[in-house]
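Asks: Mind looking over this structure? Questions follow.
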Amino acid sequence: MTECSQETFSFAPHFSRRVEAGFTAGQVSSEGGSLLLREAEGRIKLVERLAACFSDGRDPDRIEHTIAEMLSQRIYGLALGYEDLNDHEQLRNDPLLGVLSGKRDLSEPLAGKSTLNRLELSGRSLRYHKIGYSAEAIDRLLVDLFMESHGAPPEQVVLDLDATDIPLYGHQPERFFHGYYDSYCYLPLYIFAGDQLLCARLRPANQDAAAGSVEEVSRIVTQLRQRWPAMKIVLRADSGFCREELMAWCETNQVDYVFGLARNQRLAKIIGAQMQQARAQHQSTGKAARVFTEFLYRTRKSWSRPRRVVAKAEYLDKGENPRFVVTSLTPERWAAQELYEKFYCARGEMENRIKEQMCLFADRLSTDEIKGNQLRLYFSALAYTLVEALRRLALKGTEWAEAQVDTIRLKLFKIGAIVRISVRRILLQMSSAYPWKDIYAHAFHARPTLVPFSAKAPLHTRNACSANRTTAPHTETLKRTFPESMLVRNAG
């Protein structure tokens, strides 16, 4: 490709005015709103705590890019919409991404694609891949972040479990065909508590949807009860998790559950009278009719005991539509109809949270190692955790309080800004035509306190001095009206 040396590009005139363009504005970034994301990270200290989950076998005297800087670069990149390592060949020179990543000398580039690739392919060779990570430590971090987001112990936590497919187009390890999804795929397990992600476990697709769920739930419940021993915990999932092993574990460990139950001929026969009643109501009203009932039920072989089943006998224009759930919750706590309509059906919101993982490129699992693909899944999960923290802490009370991450990225992060760097400050001059100034200002005022990068200690040693941090004062006060620029104190 011919190198561009033209400075001015002339287009068709606009009435009497010439229309010209040129690459002469200096340093311009499309990520002007990302500083709010940096403030949220300063509150939950995601990157420095994540860096503590990694081991670095490189020679300290020859390290150019610290683990914390590379993790920041990767997670912020995903949050801002840059899915591939190749993107960082250009992004590494973006001064604003350097600010987000904690790079002290902004004239020096960030890590390139090859360096980041060695981070993700940890442990492949002793010579070139000297960075490793602890999956157990990252798992604990996700749960710790959830617990720390609560000022007081909640009375009850509902853990939503679900599996999804991540299609595979290469020859990744543990690649299997899944009949339900009709493709070669992975089958990761996700566990959420409300909007907050507690588990992202990569699994091959040649196993049951509930495989490994007992181990993951046991780990999470143990960690939650270490801090909140009196809290009630309820598991909620579809019929793919209605397994004797999981229900028996819950009953043994004082954990309640509500699981979907796949229909069969025995169940259909039990609710025959209620289905006839629903059909009669439909014929008389012409509208969908529902009749709820409950009963004790036990399978002939797989269940160890009778359990409460709530049934919905529904009749639609297309015919019968029965649904069943099995639960350990008593009728005194939840009547049949409320249990199904208000509690069980609320699990559908979790599917939106899983979709958000794909907005953060959780499906980009193209390495030839399971451990590397699991790390990529973690990166997407942590990018989600960061954006969710901003949504929860800074966007509460706005029209974006429940917006999905791709909406927040497009409308809040993607703001064109001229970046001016001097010895004493970094100045962002953002577009005066930005249409959501009020929401940006709300997020700025509601932002968590920023924890500045220490001027005395490099980023990779900040764990040791975290107790001595103080909040840096802003050099200019934000006016009530939305500012056209945001000032960021430089570490220098």
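In the structure tokens, chains take the letters A, B, ... in the order shown, each chain's residues start at 1, and ligands count up from 1 in the order shown.
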Determine which residues of range 175-412 of chain A receive a DSSP assignment of helix (DSSP H, G or I), computed from the backbone, and state them as a VMD selection string.
Replies: chain A and resid 213 to 227 239 to 241 244 to 252 265 to 270 272 to 285 336 to 359 370 to 394 405 to 412
Asks: Counting only C-alpha atoms, what is within 10 Å of Thr115 in chain A, bar same-chain residues fewer than 4 positions away, as a list in words?
Replies: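 Selected residues are His65, Met70, Leu85, Leu110, Ala111, Leu119, Glu120, Tyr128 and His129 of chain A.
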Asks: Hey, can you spit out that residue selection with C-alpha atoms as an mmCIF file, in the first residue's frame?
Replies:
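Final file, result-v4.cif:
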data_model
loop_
_atom_site.group_PDB
_atom_site.id
_atom_site.type_symbol
_atom_site.label_atom_id
_atom_site.label_comp_id
_atom_site.auth_asym_id
_atom_site.auth_seq_id
_atom_site.Cartn_x
_atom_site.Cartn_y
_atom_site.Cartn_z
ATOM 1 C CA HIS A 65 5.895 -4.116 30.161
ATOM 2 C CA MET A 70 -0.546 -5.711 29.965
ATOM 3 C CA LEU A 85 -4.484 -8.795 19.794
ATOM 4 C CA LEU A 110 2.499 -0.228 25.181
ATOM 5 C CA ALA A 111 2.929 -3.946 24.642
ATOM 6 C CA LEU A 119 0.824 -13.451 28.199
ATOM 7 C CA GLU A 120 -2.193 -15.435 27.000
ATOM 8 C CA TYR A 128 9.384 -17.669 25.848
ATOM 9 C CA HIS A 129 6.315 -18.083 28.061
#
Asks: So that I can see what lies close to range 256-262 of chain A, please list as a count of residues only the residues with an atom at most 7 Å from it, counting only C-alpha atoms and leaving out residues fewer than 4 positions away in the same chain.
Replies: 17
Asks: Nearest to Glu294 in chain A: which of A:Thr385, A:Gln274, A:Gln27, A:Gln172 is it, counting only C-alpha atoms?
Replies: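 Comparing A:Thr385, A:Gln274, A:Gln27, A:Gln172 against Glu294 in chain A, the winner is A:Gln274.
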Asks: Give me, as a PDB file with N, CA and C atoms, in the first residue's frame, all polymer residues having an atom no more than 8 Å from range 139-156 of chain A, counting only C-alpha atoms and skipping those fewer than 2 positions away in the same chain.
Replies:
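Below you can see part-v1.pdb, which holds the result:
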ATOM      1  N   ILE A  44     -12.585  -0.369  42.585  1.00  0.00           N
ATOM      2  CA  ILE A  44     -12.582  -1.799  42.906  1.00  0.00           C
ATOM      3  C   ILE A  44     -11.186  -2.404  42.821  1.00  0.00           C
ATOM      4  N   ARG A  49      -5.324  -6.305  41.688  1.00  0.00           N
ATOM      5  CA  ARG A  49      -5.682  -7.564  42.342  1.00  0.00           C
ATOM      6  C   ARG A  49      -5.599  -8.730  41.352  1.00  0.00           C
ATOM      7  N   LEU A  50      -5.944  -8.452  40.095  1.00  0.00           N
ATOM      8  CA  LEU A  50      -5.801  -9.484  39.080  1.00  0.00           C
ATOM      9  C   LEU A  50      -4.332  -9.797  38.842  1.00  0.00           C
ATOM     10  N   ALA A 135      -5.945 -20.034  38.171  1.00  0.00           N
ATOM     11  CA  ALA A 135      -7.392 -19.985  37.940  1.00  0.00           C
ATOM     12  C   ALA A 135      -8.143 -19.906  39.265  1.00  0.00           C
ATOM     13  N   GLU A 136      -7.640 -20.578  40.286  1.00  0.00           N
ATOM     14  CA  GLU A 136      -8.298 -20.555  41.587  1.00  0.00           C
ATOM     15  C   GLU A 136      -8.308 -19.140  42.172  1.00  0.00           C
ATOM     16  N   ALA A 137      -7.206 -18.416  41.989  1.00  0.00           N
ATOM     17  CA  ALA A 137      -7.136 -17.053  42.517  1.00  0.00           C
ATOM     18  C   ALA A 137      -8.095 -16.118  41.769  1.00  0.00           C
ATOM     19  N   VAL A 158     -29.437 -15.012  45.288  1.00  0.00           N
ATOM     20  CA  VAL A 158     -29.905 -15.980  44.302  1.00  0.00           C
ATOM     21  C   VAL A 158     -28.799 -16.176  43.274  1.00  0.00           C
ATOM     22  N   GLN A 196     -24.095  -9.398  38.616  1.00  0.00           N
ATOM     23  CA  GLN A 196     -22.674  -9.577  38.892  1.00  0.00           C
ATOM     24  C   GLN A 196     -22.237 -11.018  38.620  1.00  0.00           C
ATOM     25  N   LEU A 197     -21.108 -11.131  37.949  1.00  0.00           N
ATOM     26  CA  LEU A 197     -20.603 -12.429  37.503  1.00  0.00           C
ATOM     27  C   LEU A 197     -19.711 -13.045  38.578  1.00  0.00           C
ATOM     28  N   LEU A 198     -20.005 -14.303  38.920  1.00  0.00           N
ATOM     29  CA  LEU A 198     -19.246 -14.999  39.954  1.00  0.00           C
ATOM     30  C   LEU A 198     -18.418 -16.150  39.403  1.00  0.00           C
ATOM     31  N   CYS A 199     -18.764 -16.655  38.233  1.00  0.00           N
ATOM     32  CA  CYS A 199     -18.033 -17.808  37.696  1.00  0.00           C
ATOM     33  C   CYS A 199     -18.148 -17.812  36.180  1.00  0.00           C
ATOM     34  N   ILE A 220     -18.257 -21.451  45.619  1.00  0.00           N
ATOM     35  CA  ILE A 220     -18.830 -20.116  45.783  1.00  0.00           C
ATOM     36  C   ILE A 220     -19.577 -20.009  47.109  1.00  0.00           C
ATOM     37  N   GLN A 223     -17.220 -19.703  50.055  1.00  0.00           N
ATOM     38  CA  GLN A 223     -16.619 -18.371  50.148  1.00  0.00           C
ATOM     39  C   GLN A 223     -17.631 -17.342  50.635  1.00  0.00           C
ATOM     40  N   LEU A 224     -18.870 -17.436  50.175  1.00  0.00           N
ATOM     41  CA  LEU A 224     -19.900 -16.490  50.621  1.00  0.00           C
ATOM     42  C   LEU A 224     -20.185 -16.660  52.108  1.00  0.00           C
ATOM     43  N   TRP A 228     -20.604 -14.183  55.182  1.00  0.00           N
ATOM     44  CA  TRP A 228     -22.017 -14.015  55.545  1.00  0.00           C
ATOM     45  C   TRP A 228     -22.601 -15.364  55.972  1.00  0.00           C
ATOM     46  N   MET A 231     -26.602 -15.886  55.832  1.00  0.00           N
ATOM     47  CA  MET A 231     -27.326 -15.511  54.621  1.00  0.00           C
ATOM     48  C   MET A 231     -27.974 -16.734  53.966  1.00  0.00           C
ATOM     49  N   LYS A 232     -29.192 -16.530  53.424  1.00  0.00           N
ATOM     50  CA  LYS A 232     -29.872 -17.583  52.677  1.00  0.00           C
ATOM     51  C   LYS A 232     -29.381 -17.579  51.231  1.00  0.00           C
ATOM     52  N   ILE A 233     -29.204 -18.761  50.672  1.00  0.00           N
ATOM     53  CA  ILE A 233     -28.724 -18.900  49.299  1.00  0.00           C
ATOM     54  C   ILE A 233     -29.701 -19.788  48.535  1.00  0.00           C
ATOM     55  N   VAL A 234     -30.067 -19.336  47.340  1.00  0.00           N
ATOM     56  CA  VAL A 234     -30.988 -20.088  46.491  1.00  0.00           C
ATOM     57  C   VAL A 234     -30.342 -20.252  45.117  1.00  0.00           C
TER      58      VAL A 234
END
Asks: Quick one: residues within 10 Å of Lys287 in chain A, only C-alpha atoms, excluding same-chain residues fewer than 5 positions away - as a list in words?
Replies: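 Final neighbour list, sorted by chain and number: Gln281, His282, Tyr315, Leu316 and Asp317 of chain A.
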Asks: Of the candidates A:Arg353, A:Lys130, A:Arg18, A:Arg58, which one gets nearest to Ala403 in chain A if we count only C-alpha atoms?
Replies: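 Smallest separation from Ala403 in chain A among the options: A:Arg353.
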Asks: Give me the residues near Gln207 in chain A as a PyMOL selection string, where near means some atom within 10 Å (using only C-alpha atoms) and where sequence neighbours in that chain fewer than 4 positions away do not count.
Replies: chain A and resi 176+178+187+203+211-212
Asks: Generate the output file for the selected residues, N, CA and C atoms, as a PDB file, in the first residue's frame.
Replies:
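Writing the result to part.pdb gives the following:
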ATOM      1  N   PHE A 176     -15.756 -30.505  20.373  1.00  0.00           N
ATOM      2  CA  PHE A 176     -16.719 -31.572  20.157  1.00  0.00           C
ATOM      3  C   PHE A 176     -17.993 -31.004  19.538  1.00  0.00           C
ATOM      4  N   HIS A 178     -21.948 -30.585  19.337  1.00  0.00           N
ATOM      5  CA  HIS A 178     -23.071 -30.585  20.271  1.00  0.00           C
ATOM      6  C   HIS A 178     -24.365 -30.661  19.468  1.00  0.00           C
ATOM      7  N   LEU A 187     -18.766 -25.325  25.852  1.00  0.00           N
ATOM      8  CA  LEU A 187     -20.000 -25.208  26.625  1.00  0.00           C
ATOM      9  C   LEU A 187     -19.682 -24.602  27.998  1.00  0.00           C
ATOM     10  N   ARG A 203     -15.666 -25.222  29.431  1.00  0.00           N
ATOM     11  CA  ARG A 203     -15.832 -26.678  29.445  1.00  0.00           C
ATOM     12  C   ARG A 203     -16.005 -27.180  28.015  1.00  0.00           C
ATOM     13  N   ALA A 211     -22.539 -30.477  34.268  1.00  0.00           N
ATOM     14  CA  ALA A 211     -21.255 -31.061  34.663  1.00  0.00           C
ATOM     15  C   ALA A 211     -20.383 -30.025  35.370  1.00  0.00           C
ATOM     16  N   GLY A 212     -19.870 -30.374  36.524  1.00  0.00           N
ATOM     17  CA  GLY A 212     -18.996 -29.488  37.283  1.00  0.00           C
ATOM     18  C   GLY A 212     -19.725 -28.439  38.097  1.00  0.00           C
TER      19      GLY A 212
END
